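All remarks here apply to the structure that follows.
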Amino acid sequence: MAVLTRFPILAAALAQTVAAAVAAVAAIALRDILHGAVGSTIILLVQCAIAVAVTMLLRLPVWWVWIAAGFPIALHLALQVDHLPAWPFGVAFVLLFLVFSNTAKERVPLYLTNRSTVTALRSLMEEKKATRFLDLGSGLGDVVRGVHGDGRVARGVETAPLSWLISWGLSKLQGRGTILRQDIWQTDLSGEDVVYAFLSPEPMPRLWQKASREMKAGAILVSNSFAVPDVEPTEVWELSDRRKTRLLIYRMAGSHEA
Ligand SMILES: C[S@@+](CC[C@H](N)C(=O)[O-])C[C@H]1O[C@@H](n2cnc3c(N)ncnc32)[C@H](O)[C@@H]1O
């Protein structure tokens, strides 16, 4: 069970396997009643429903429930198309892997900070008279490029190969900020005034331990949307963007806090 919690992709595969098996048994058992296009549609819907039910039973986050429902339908539609070339799927798989490689391992996919949040981060740095900024898991580097400048020095670390390559190239081209191909957990936080994280609920306890050990007194950890469990933020900034972004701001006490 622990392995399914750690790697939800395995739980999703299990849900689809159980659903496919149930759908296959139903199709065989009810072949005299369920035939033709209506029959296969009903079997397909049964498969979706079972996949959704198993995914919910395994208590996966809600987006996995949507994937569980959509996957059999997408597969069914793809199989309907004659002479579909295989290479676009291969290319899509490789591209997705190069961007989303941290999803299975770290349970952190790629989603991007919006412009209002970057503006808020700049204001936060001005207000706190901070100059050094680090984005942990910098994605396509928009935050790093947006924060860097006017006396602020911004860096980002990213391990997903394609995201790193794109953001590294854009930073070099625009001369704004620095992107390193480096793991969050290998990155030293001791010199930073503001450390920004837009990750997921999963790594927050470990991130808090790391930040508490390494960040200097008075430095600030900002988490976009995801709270550190059982730790009261010093401030919460609620932005008026469409996403209603919440910036949870933790002022660090220094190494004795860990
Ligand atoms: C939700 S995205 C945020 C991207 C960017 N910070 C932004 O706000 O636009 C999280 C990023 O963290 C990266 N990531 C996850 N785990 C990581 C790790 N251990 N080391 C480096 N990057 C990681 C992912 O590849 C992804 O690009």
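Chain labels A, B, ... are given in the sequence in which chains occur in the structure tokens; within each chain residues are numbered consecutively from 1, and ligands are likewise numbered from 1 in the order shown.
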Leaving out Ala160 in chain A and any residue of its chain fewer than 5 positions from it, which residues lie within 7 Å of it when counting only C-alpha atoms, given as a compact mmCIF listing (two decimals) with N, CA and C atoms, in the first residue's frame?
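The result, written out as result_25.txt:
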```txt
# COMPACT_ATOMS: atom_id res chain seq x y z
N LEU A 98 10.33 14.37 -20.60
CA LEU A 98 11.39 15.36 -20.41
C LEU A 98 10.89 16.57 -19.60
N VAL A 99 9.58 16.82 -19.64
CA VAL A 99 9.03 17.96 -18.88
C VAL A 99 8.49 17.51 -17.51
N PHE A 100 7.88 16.32 -17.50
CA PHE A 100 7.18 15.90 -16.27
C PHE A 100 7.90 14.79 -15.52
N SER A 101 9.23 14.69 -15.71
CA SER A 101 9.95 13.57 -15.09
C SER A 101 9.87 13.60 -13.56
N ASN A 102 9.58 14.77 -12.98
CA ASN A 102 9.52 14.83 -11.51
C ASN A 102 8.14 14.47 -10.96
```
Skipping near chain neighbours, those fewer than 2 positions away, what residues fall within 12 Å of Met215 in chain A using only C-alpha atoms, listed as a ChimeraX atom specification?
-> /A:134,187-195,207-213,217-221,250-258
Might you pull out every residue within 7 Å of range 50-58 of chain A, with only C-alpha atoms counted and same-chain residues fewer than 2 positions away left off, and present them as a PyMOL selection string?
-> chain A and resi 12+15-16+19+46-48+60+65+68-69
Please provide as JSON, numbers by chain all residues within 9 Å of Leu136 in chain A, with the sequence filter that same-chain residues fewer than 2 positions apart are discarded (counting only C-alpha atoms).
-> {"A": [134, 138, 139, 155, 156, 157, 158, 183, 184, 187, 195, 196, 197, 198, 199]}
